[in-house]
Amino acid sequence: MSDVISLTAAELGEAIREGRVTSEEATTAYLDRIESVDGEINAFLHVRRETALEQARAVDARRAAGEELGPLAGVPVAHKDVFTTKDMPTTAASKILEGWQPPYDATVTARLREAGLVILGKTNMDEFAMGSSTENSAYKVTRNPWDTDRIPGGSSGGSSAAVAAFEAPLATGTDTGGSIRQPAAVCGLVGAKPTYGGSSRYGMIAFASSLDTPGPFARNVLDAALLHEAFSGHDPRDSTSIDAPVPPVVDAARLGDVEGLRVGVVSELDSDGFQPGVRQRFHETLELLESLGAKIVELSCPSFDAALSAYYLIAPSECSSNLARFDAMRYGLRVGDDGTRSAEEVMSLTRAQGFGPEVKRRIMLGTYALSSGYYDAYYGSAQQVRTLIKRDFDAAFENVDVLVSPTTPTTAFPIGERAEDPMAMYLADLCTIPSNLAGNASLSVPCGLAPEDGLPVGFQIMAPPLADDRTYRVAAAVERALTERDGDLLARSPYAVAR
Ligand code: GLN
């Protein structure tokens with residue numbers, strides 16, 4: 001069934017609609033693939049074969065009954081374990097939620113089901129989405145299919161590894177500071193962070209609520225757009241959800257022309273300190289866009305230099321508040337409740353055992369930044385920086401249609417290399433964080449392999465809020481031109497399934 005696995009999600013959806021493949025066959029092929037390779041990759045935390053097959057058979061039955069199916073009906077998807085699922089555990093890769101099975105579906109989960117997508121299982125991640133390598137999972141270390149000694153990115157590293165290892169054609173992720181774009185970049189995939197409020201946070205376990213954004217992973221631009229469209233759009237259950245139509249991302253992905261488009265290169269995100277091969281591929285891609293008729297302009301967004309510092313005050317502050325709900329009373333783990341201890345003692349023992357070191361570091365940083373006497377100096381200043389970043393974006397978008405940069409300063413780094421050095425780990429998000437702070441649309445598309453290590457490089461495209469379609473349009477142009485020139489990039493990965 002490797003022929004089913006080699007199809008794009010769009011092709012597989014079409015094959016299912018036309019009756020050439022059943023969803024059950026496709027789902028079985030992917031479940032078998034997971035069984036044969038996930039021991040090496042560790043992308044999944046939970047796989048429920050029977051649950052997945054039931055969903056697949058339901059789609060096949062709908063087709064048999066003559067129902068009109070949507071573009072992704074019957075297509076399997078890997079789902080980040082940060083989204084609640086009423087038929088599978090949800091842990092956010094934390095011990096504190098071990099064994100929890102939610103009583104309800106997240107909006108993203110519900111919309112996957114409505115679109116007929118088949119949820120294969122839940123993917124590994126950094127605990128509560130805090131990290132850039134998936135090494136902060138309390139359960140397992142996920143490996144990059146391009147080189148299994150390297151990280152798959154994070155925090156959505158289980159999702160990126162699953163798609164890159166052809167264990168799923170599509171996956172969901174969440175991006176608070178880069179957790180979709182960075183893993184997509186280092187695994188050679190397309191990953192998009194929709195406009196903040198463009199995809200629902202309802203039932204997504206909260207990390208930093210003013211930044212958290214669900215988004216898609218795929219092996220190509222059109223598939224990412226189809227998944228984006230399937231689960232995005234207004235949700236009255238999320239108070240920051242935008243009541244506007246989903247931007248026409250699928251049409252943009254099909255169009256993919258950049259003639260006359262003004263493309264701004266952010267000088268602050270094109271630093272001498274970046275890996276030379278990353279910069280080389282980035283600049284070659286700029287030339288390619290120019291040859292396709294785009295106008296390349298260099299411009300400066302000076303406040304972006306303070307984005308990382310502001311993020312590491314705002315995100316931990318929000319997390320310290322959000323994670324207060326894990327109090328040992330309502331969900332998951334409870335330690336030391338033997339009738340002799342007070343509720344406070346049980347809570348303290350549970351949190352001490354249930355949270356990993358990075359989560360504790362964030363809670364402490366955030367609690368400190370929000371404490372009286374420090375609030376203005378830390379949290380207050382960070383919010384001011386956030387306003388400046390928004391203004392830099394606004395000013396830039398008066399002169400250009402999109403902004404671009406490398407997605408990450410380096411390619412995938414070796415497992416363990418940055419595990420003991422939080423600052424080095426945080427630097428992985430240098431280029432992705434400004435879009436989260438401003439809330440605009442942003443996407444990463446592969447732009448080749450770095451010459452020095454043969455690993456994928458990501459090209460980041462940023463557009464104004466609700467102009468997500470522009471990021472897809474540019475990405476599709478890059479993808480098409482690079483594929484014509486160099487062939488299919490992902491086919492060079494050791495875990496690729498040949499077409
Ligand atoms: N790596 C960043 C962090 O650790 C971003 C995480 C994310 O986007 N969820 O906070």
# chains A, B, ... in the order shown; residues from 1 in each chain; ligands from 1
call {"tool": "residues_near_ligand", "arguments": {"ligand": "ligand 1", "cutoff": "6 Å", "atoms": "only C-alpha atoms and all ligand atoms", "output": "list in words"}}
result
Ala129, Met130, Gly131, Ser132, Ser155, Asp175, Thr176, Gly177, Gly178, Ser179 and Asp429 of chain A
call {"tool": "select_by_dssp", "arguments": {"residues": "region 171-303 of chain A", "states": "alpha helix (DSSP H)", "output": "PyMOL selection string"}}
result
chain A and resi 181-187+221-231+249-255+276-291
call {"tool": "closest_residue", "arguments": {"among": "A:Ser271, A:Ser160, A:Ser232, A:Ser320", "to": "Cys431 (chain A)", "atoms": "only C-alpha atoms"}}
result
A:Ser271
call {"tool": "residues_around", "arguments": {"residues": "Gly74 (chain A)", "least_positions_apart": "4", "cutoff": "10 Å", "atoms": "only C-alpha atoms", "output": "ChimeraX atom specification"}}
result
/A:9,12-17,21-27,55-60,63,69-70,113,115-119
call {"tool": "residues_around", "arguments": {"residues": "region 433-442 of chain A", "least_positions_apart": "3", "cutoff": "6 Å", "atoms": "only C-alpha atoms", "output": "list in words"}}
result
Gly177, Lys193, Pro194, Thr195, Tyr196, Leu211, Ala307, Arg386, Lys390, Asp429, Ile461, Met462, Ala463, Pro464, Pro465 and Asp468 of chain A
call {"tool": "residues_around", "arguments": {"residues": "Met329 (chain A)", "least_positions_apart": "4", "cutoff": "12 Å", "atoms": "only C-alpha atoms", "output": "list in words"}}
result
Ile96, Leu97, Ala324, Arg325, Leu333, Arg334, Val335, Asp337, Ser342, Ala343, Glu344, Glu345, Val346, Met347, Ser348, Thr350 and Arg351 of chain A
call {"tool": "write_last_selection", "arguments": {"atoms": "N, CA and C atoms", "output": "short mmCIF file (atom, residue, chain, number, x, y, z; two decimals), in the first residue's frame"}}
result
data_model
loop_
_atom_site.label_atom_id
_atom_site.label_comp_id
_atom_site.auth_asym_id
_atom_site.auth_seq_id
_atom_site.Cartn_x
_atom_site.Cartn_y
_atom_site.Cartn_z
N ILE A 96 1.54 15.34 34.51
CA ILE A 96 0.44 15.82 35.33
C ILE A 96 -0.92 15.49 34.72
N LEU A 97 -0.94 15.19 33.43
CA LEU A 97 -2.19 14.80 32.77
C LEU A 97 -2.20 13.33 32.37
N ALA A 324 -1.97 27.27 36.61
CA ALA A 324 -2.46 27.20 37.99
C ALA A 324 -3.63 26.22 38.10
N ARG A 325 -4.29 25.94 36.97
CA ARG A 325 -5.45 25.03 37.04
C ARG A 325 -5.05 23.58 37.34
N LEU A 333 -2.88 13.44 37.48
CA LEU A 333 -2.07 12.97 38.61
C LEU A 333 -2.52 13.57 39.95
N ARG A 334 -2.45 12.75 41.02
CA ARG A 334 -2.62 13.28 42.39
C ARG A 334 -1.61 12.54 43.29
N VAL A 335 -0.73 13.29 43.92
CA VAL A 335 0.35 12.66 44.70
C VAL A 335 0.15 12.93 46.20
N ASP A 337 -2.09 11.89 48.43
CA ASP A 337 -3.43 12.10 49.00
C ASP A 337 -3.80 10.88 49.85
N SER A 342 -2.97 18.05 53.85
CA SER A 342 -3.92 19.09 53.46
C SER A 342 -3.97 19.18 51.94
N ALA A 343 -4.98 19.86 51.41
CA ALA A 343 -5.11 20.05 49.96
C ALA A 343 -3.89 20.78 49.42
N GLU A 344 -3.39 21.76 50.17
CA GLU A 344 -2.21 22.52 49.72
C GLU A 344 -0.99 21.61 49.58
N GLU A 345 -0.83 20.71 50.57
CA GLU A 345 0.33 19.80 50.50
C GLU A 345 0.22 18.85 49.30
N VAL A 346 -0.99 18.35 49.06
CA VAL A 346 -1.19 17.44 47.92
C VAL A 346 -0.92 18.19 46.62
N MET A 347 -1.40 19.42 46.58
CA MET A 347 -1.19 20.22 45.36
C MET A 347 0.30 20.43 45.12
N SER A 348 1.00 20.77 46.17
CA SER A 348 2.41 21.07 46.03
C SER A 348 3.20 19.82 45.64
N THR A 350 2.02 17.23 44.06
CA THR A 350 1.62 16.84 42.71
C THR A 350 2.31 17.71 41.66
N ARG A 351 2.34 19.00 41.91
CA ARG A 351 2.97 19.90 40.94
C ARG A 351 4.48 19.68 40.90
#
call {"tool": "closest_residue", "arguments": {"among": "A:Ile205, A:Ala382, A:Val37, A:Leu365", "to": "Arg143 (chain A)", "atoms": "only C-alpha atoms"}}
result
A:Val37
call {"tool": "closest_residue", "arguments": {"among": "A:Leu313, A:Ala168, A:Leu430, A:Cys447", "to": "Ala481 (chain A)", "atoms": "only C-alpha atoms"}}
result
A:Cys447
call {"tool": "select_by_dssp", "arguments": {"residues": "region 57-267 of chain A", "states": "strand (DSSP E)", "output": "PDB file with C-alpha atoms, in the first residue's frame"}}
result
ATOM      1  CA  PRO A  76      -5.756  10.374   7.885  1.00  0.00           C
ATOM      2  CA  VAL A  77      -4.290  13.053  10.114  1.00  0.00           C
ATOM      3  CA  ALA A  78      -1.928  13.041  13.123  1.00  0.00           C
ATOM      4  CA  HIS A  79      -3.226  15.262  15.929  1.00  0.00           C
ATOM      5  CA  LYS A  80      -1.036  17.134  18.426  1.00  0.00           C
ATOM      6  CA  VAL A 118      -9.443  10.282  10.284  1.00  0.00           C
ATOM      7  CA  ILE A 119      -7.468  10.888  13.481  1.00  0.00           C
ATOM      8  CA  LEU A 120      -4.699   8.256  13.589  1.00  0.00           C
ATOM      9  CA  GLY A 121      -3.414   9.206  17.016  1.00  0.00           C
ATOM     10  CA  LYS A 122      -1.941  11.958  19.168  1.00  0.00           C
ATOM     11  CA  THR A 123       1.569  13.240  18.622  1.00  0.00           C
ATOM     12  CA  LEU A 170      -1.148  15.757   7.450  1.00  0.00           C
ATOM     13  CA  ALA A 171      -0.824  16.871  11.049  1.00  0.00           C
ATOM     14  CA  THR A 172      -2.057  19.569  13.374  1.00  0.00           C
ATOM     15  CA  GLY A 173       0.193  21.744  15.488  1.00  0.00           C
ATOM     16  CA  THR A 174       0.100  24.846  17.648  1.00  0.00           C
ATOM     17  CA  ASP A 175       2.340  27.866  17.324  1.00  0.00           C
ATOM     18  CA  VAL A 190       5.127  23.255   5.022  1.00  0.00           C
ATOM     19  CA  GLY A 191       3.781  24.619   8.314  1.00  0.00           C
ATOM     20  CA  ALA A 192       1.535  27.613   8.841  1.00  0.00           C
ATOM     21  CA  LYS A 193       0.673  29.818  11.785  1.00  0.00           C
ATOM     22  CA  THR A 213      -2.531  29.531  17.447  1.00  0.00           C
ATOM     23  CA  PRO A 214      -3.480  26.138  15.962  1.00  0.00           C
ATOM     24  CA  GLY A 215      -2.236  25.466  12.433  1.00  0.00           C
ATOM     25  CA  PRO A 216      -1.451  22.790   9.813  1.00  0.00           C
ATOM     26  CA  PHE A 217       1.563  20.680   8.772  1.00  0.00           C
ATOM     27  CA  ALA A 218       1.774  19.055   5.336  1.00  0.00           C
ATOM     28  CA  ARG A 262       6.484  43.423  -3.185  1.00  0.00           C
ATOM     29  CA  VAL A 263       8.588  41.222  -0.912  1.00  0.00           C
ATOM     30  CA  GLY A 264      10.364  42.808   2.079  1.00  0.00           C
ATOM     31  CA  VAL A 265      13.492  41.224   3.535  1.00  0.00           C
ATOM     32  CA  VAL A 266      13.749  42.028   7.253  1.00  0.00           C
TER      33      VAL A 266
END
call {"tool": "closest_atom_pairs", "arguments": {"of": "region 384-452 of chain A", "to": "region 145-152 of chain A", "cutoff": "6 Å", "atoms": "only C-alpha atoms", "output": "tab-separated table"}}
result
residue	atom	partner	partner_atom	distance
A:Ala412	CA	A:Ile151	CA	5.9
A:Phe413	CA	A:Arg150	CA	5.6
A:Pro414	CA	A:Arg150	CA	4.1
A:Ile415	CA	A:Arg150	CA	4.9
call {"tool": "residues_around", "arguments": {"residues": "Val278 (chain A)", "least_positions_apart": "4", "cutoff": "9 Å", "atoms": "only C-alpha atoms", "output": "ChimeraX atom specification"}}
result
/A:274,282-283,406,408-411,448-451,456-458
call {"tool": "closest_residue", "arguments": {"among": "A:Asp392, A:Glu127, A:Asp81, A:Asp87", "to": "Thr51 (chain A)", "atoms": "only C-alpha atoms"}}
result
A:Asp87
call {"tool": "decode", "arguments": {"residues": "region 256-300 of chain A", "atoms": "N, CA and C atoms", "output": "PDB file, in the first residue's frame"}}
result
ATOM      1  N   GLY A 256      -0.446  30.624  -6.817  1.00  0.00           N
ATOM      2  CA  GLY A 256       1.004  30.629  -6.672  1.00  0.00           C
ATOM      3  C   GLY A 256       1.752  31.537  -7.621  1.00  0.00           C
ATOM      4  N   ASP A 257       1.227  32.727  -7.931  1.00  0.00           N
ATOM      5  CA  ASP A 257       2.004  33.642  -8.775  1.00  0.00           C
ATOM      6  C   ASP A 257       2.467  34.836  -7.931  1.00  0.00           C
ATOM      7  N   VAL A 258       3.645  35.366  -8.252  1.00  0.00           N
ATOM      8  CA  VAL A 258       4.187  36.471  -7.458  1.00  0.00           C
ATOM      9  C   VAL A 258       4.519  37.686  -8.322  1.00  0.00           C
ATOM     10  N   GLU A 259       4.077  37.676  -9.548  1.00  0.00           N
ATOM     11  CA  GLU A 259       4.322  38.790 -10.478  1.00  0.00           C
ATOM     12  C   GLU A 259       3.883  40.124  -9.842  1.00  0.00           C
ATOM     13  N   GLY A 260       4.825  41.034  -9.717  1.00  0.00           N
ATOM     14  CA  GLY A 260       4.501  42.365  -9.191  1.00  0.00           C
ATOM     15  C   GLY A 260       4.390  42.437  -7.678  1.00  0.00           C
ATOM     16  N   LEU A 261       4.497  41.305  -6.995  1.00  0.00           N
ATOM     17  CA  LEU A 261       4.361  41.298  -5.537  1.00  0.00           C
ATOM     18  C   LEU A 261       5.598  41.939  -4.892  1.00  0.00           C
ATOM     19  N   ARG A 262       5.362  42.773  -3.881  1.00  0.00           N
ATOM     20  CA  ARG A 262       6.484  43.423  -3.185  1.00  0.00           C
ATOM     21  C   ARG A 262       6.863  42.604  -1.950  1.00  0.00           C
ATOM     22  N   VAL A 263       8.099  42.121  -1.957  1.00  0.00           N
ATOM     23  CA  VAL A 263       8.588  41.222  -0.912  1.00  0.00           C
ATOM     24  C   VAL A 263       9.653  41.947  -0.097  1.00  0.00           C
ATOM     25  N   GLY A 264       9.412  42.111   1.210  1.00  0.00           N
ATOM     26  CA  GLY A 264      10.364  42.808   2.079  1.00  0.00           C
ATOM     27  C   GLY A 264      11.253  41.830   2.834  1.00  0.00           C
ATOM     28  N   VAL A 265      12.556  42.050   2.773  1.00  0.00           N
ATOM     29  CA  VAL A 265      13.492  41.224   3.535  1.00  0.00           C
ATOM     30  C   VAL A 265      13.810  41.973   4.828  1.00  0.00           C
ATOM     31  N   VAL A 266      13.521  41.365   5.973  1.00  0.00           N
ATOM     32  CA  VAL A 266      13.749  42.028   7.253  1.00  0.00           C
ATOM     33  C   VAL A 266      15.229  41.899   7.618  1.00  0.00           C
ATOM     34  N   SER A 267      15.943  43.033   7.631  1.00  0.00           N
ATOM     35  CA  SER A 267      17.397  42.924   7.838  1.00  0.00           C
ATOM     36  C   SER A 267      17.741  42.361   9.220  1.00  0.00           C
ATOM     37  N   GLU A 268      16.891  42.624  10.222  1.00  0.00           N
ATOM     38  CA  GLU A 268      17.154  42.096  11.577  1.00  0.00           C
ATOM     39  C   GLU A 268      17.066  40.562  11.624  1.00  0.00           C
ATOM     40  N   LEU A 269      16.386  39.960  10.646  1.00  0.00           N
ATOM     41  CA  LEU A 269      16.213  38.503  10.655  1.00  0.00           C
ATOM     42  C   LEU A 269      17.077  37.825   9.586  1.00  0.00           C
ATOM     43  N   ASP A 270      18.150  38.498   9.204  1.00  0.00           N
ATOM     44  CA  ASP A 270      19.045  37.928   8.187  1.00  0.00           C
ATOM     45  C   ASP A 270      20.468  38.198   8.669  1.00  0.00           C
ATOM     46  N   SER A 271      20.784  37.579   9.810  1.00  0.00           N
ATOM     47  CA  SER A 271      21.987  37.969  10.551  1.00  0.00           C
ATOM     48  C   SER A 271      23.219  37.163  10.138  1.00  0.00           C
ATOM     49  N   ASP A 272      24.384  37.799  10.300  1.00  0.00           N
ATOM     50  CA  ASP A 272      25.659  37.127  10.051  1.00  0.00           C
ATOM     51  C   ASP A 272      25.850  35.902  10.941  1.00  0.00           C
ATOM     52  N   GLY A 273      25.166  35.931  12.086  1.00  0.00           N
ATOM     53  CA  GLY A 273      25.317  34.828  13.039  1.00  0.00           C
ATOM     54  C   GLY A 273      24.601  33.552  12.609  1.00  0.00           C
ATOM     55  N   PHE A 274      23.773  33.609  11.560  1.00  0.00           N
ATOM     56  CA  PHE A 274      23.035  32.421  11.140  1.00  0.00           C
ATOM     57  C   PHE A 274      23.973  31.438  10.428  1.00  0.00           C
ATOM     58  N   GLN A 275      23.563  30.191  10.388  1.00  0.00           N
ATOM     59  CA  GLN A 275      24.323  29.152   9.667  1.00  0.00           C
ATOM     60  C   GLN A 275      24.479  29.566   8.200  1.00  0.00           C
ATOM     61  N   PRO A 276      25.708  29.534   7.665  1.00  0.00           N
ATOM     62  CA  PRO A 276      25.925  30.033   6.294  1.00  0.00           C
ATOM     63  C   PRO A 276      25.036  29.361   5.243  1.00  0.00           C
ATOM     64  N   GLY A 277      24.838  28.056   5.353  1.00  0.00           N
ATOM     65  CA  GLY A 277      24.022  27.353   4.355  1.00  0.00           C
ATOM     66  C   GLY A 277      22.556  27.759   4.413  1.00  0.00           C
ATOM     67  N   VAL A 278      22.102  28.157   5.593  1.00  0.00           N
ATOM     68  CA  VAL A 278      20.718  28.631   5.735  1.00  0.00           C
ATOM     69  C   VAL A 278      20.577  29.958   4.996  1.00  0.00           C
ATOM     70  N   ARG A 279      21.540  30.837   5.215  1.00  0.00           N
ATOM     71  CA  ARG A 279      21.491  32.142   4.533  1.00  0.00           C
ATOM     72  C   ARG A 279      21.630  31.969   3.023  1.00  0.00           C
ATOM     73  N   GLN A 280      22.507  31.049   2.638  1.00  0.00           N
ATOM     74  CA  GLN A 280      22.711  30.829   1.196  1.00  0.00           C
ATOM     75  C   GLN A 280      21.402  30.417   0.517  1.00  0.00           C
ATOM     76  N   ARG A 281      20.708  29.422   1.092  1.00  0.00           N
ATOM     77  CA  ARG A 281      19.452  28.958   0.473  1.00  0.00           C
ATOM     78  C   ARG A 281      18.387  30.065   0.521  1.00  0.00           C
ATOM     79  N   PHE A 282      18.389  30.828   1.603  1.00  0.00           N
ATOM     80  CA  PHE A 282      17.426  31.929   1.720  1.00  0.00           C
ATOM     81  C   PHE A 282      17.650  32.940   0.594  1.00  0.00           C
ATOM     82  N   HIS A 283      18.907  33.339   0.391  1.00  0.00           N
ATOM     83  CA  HIS A 283      19.184  34.348  -0.642  1.00  0.00           C
ATOM     84  C   HIS A 283      18.961  33.814  -2.048  1.00  0.00           C
ATOM     85  N   GLU A 284      19.242  32.542  -2.271  1.00  0.00           N
ATOM     86  CA  GLU A 284      18.934  31.950  -3.589  1.00  0.00           C
ATOM     87  C   GLU A 284      17.431  31.992  -3.847  1.00  0.00           C
ATOM     88  N   THR A 285      16.649  31.785  -2.784  1.00  0.00           N
ATOM     89  CA  THR A 285      15.188  31.803  -2.944  1.00  0.00           C
ATOM     90  C   THR A 285      14.700  33.217  -3.264  1.00  0.00           C
ATOM     91  N   LEU A 286      15.354  34.210  -2.672  1.00  0.00           N
ATOM     92  CA  LEU A 286      15.001  35.596  -3.011  1.00  0.00           C
ATOM     93  C   LEU A 286      15.251  35.856  -4.497  1.00  0.00           C
ATOM     94  N   GLU A 287      16.392  35.361  -4.989  1.00  0.00           N
ATOM     95  CA  GLU A 287      16.699  35.543  -6.423  1.00  0.00           C
ATOM     96  C   GLU A 287      15.647  34.858  -7.290  1.00  0.00           C
ATOM     97  N   LEU A 288      15.249  33.678  -6.834  1.00  0.00           N
ATOM     98  CA  LEU A 288      14.231  32.926  -7.570  1.00  0.00           C
ATOM     99  C   LEU A 288      12.926  33.726  -7.640  1.00  0.00           C
ATOM    100  N   LEU A 289      12.525  34.298  -6.509  1.00  0.00           N
ATOM    101  CA  LEU A 289      11.292  35.091  -6.480  1.00  0.00           C
ATOM    102  C   LEU A 289      11.419  36.300  -7.405  1.00  0.00           C
ATOM    103  N   GLU A 290      12.593  36.884  -7.411  1.00  0.00           N
ATOM    104  CA  GLU A 290      12.824  38.029  -8.294  1.00  0.00           C
ATOM    105  C   GLU A 290      12.686  37.604  -9.756  1.00  0.00           C
ATOM    106  N   SER A 291      13.233  36.426 -10.081  1.00  0.00           N
ATOM    107  CA  SER A 291      13.150  35.940 -11.466  1.00  0.00           C
ATOM    108  C   SER A 291      11.700  35.640 -11.851  1.00  0.00           C
ATOM    109  N   LEU A 292      10.832  35.434 -10.851  1.00  0.00           N
ATOM    110  CA  LEU A 292       9.411  35.172 -11.137  1.00  0.00           C
ATOM    111  C   LEU A 292       8.593  36.460 -11.176  1.00  0.00           C
ATOM    112  N   GLY A 293       9.271  37.598 -11.016  1.00  0.00           N
ATOM    113  CA  GLY A 293       8.555  38.865 -11.159  1.00  0.00           C
ATOM    114  C   GLY A 293       8.277  39.595  -9.863  1.00  0.00           C
ATOM    115  N   ALA A 294       8.737  39.059  -8.738  1.00  0.00           N
ATOM    116  CA  ALA A 294       8.536  39.774  -7.467  1.00  0.00           C
ATOM    117  C   ALA A 294       9.566  40.892  -7.353  1.00  0.00           C
ATOM    118  N   LYS A 295       9.188  41.916  -6.563  1.00  0.00           N
ATOM    119  CA  LYS A 295      10.143  43.006  -6.303  1.00  0.00           C
ATOM    120  C   LYS A 295      10.689  42.812  -4.899  1.00  0.00           C
ATOM    121  N   ILE A 296      12.007  42.698  -4.790  1.00  0.00           N
ATOM    122  CA  ILE A 296      12.615  42.453  -3.472  1.00  0.00           C
ATOM    123  C   ILE A 296      13.128  43.781  -2.903  1.00  0.00           C
ATOM    124  N   VAL A 297      12.712  44.062  -1.675  1.00  0.00           N
ATOM    125  CA  VAL A 297      13.112  45.304  -1.010  1.00  0.00           C
ATOM    126  C   VAL A 297      13.718  44.926   0.339  1.00  0.00           C
ATOM    127  N   GLU A 298      14.817  45.539   0.690  1.00  0.00           N
ATOM    128  CA  GLU A 298      15.321  45.293   2.052  1.00  0.00           C
ATOM    129  C   GLU A 298      14.770  46.364   2.977  1.00  0.00           C
ATOM    130  N   LEU A 299      14.327  45.976   4.166  1.00  0.00           N
ATOM    131  CA  LEU A 299      13.844  46.985   5.114  1.00  0.00           C
ATOM    132  C   LEU A 299      14.147  46.573   6.547  1.00  0.00           C
ATOM    133  N   SER A 300      14.000  47.546   7.435  1.00  0.00           N
ATOM    134  CA  SER A 300      14.383  47.308   8.819  1.00  0.00           C
ATOM    135  C   SER A 300      13.163  47.332   9.734  1.00  0.00           C
TER     136      SER A 300
END
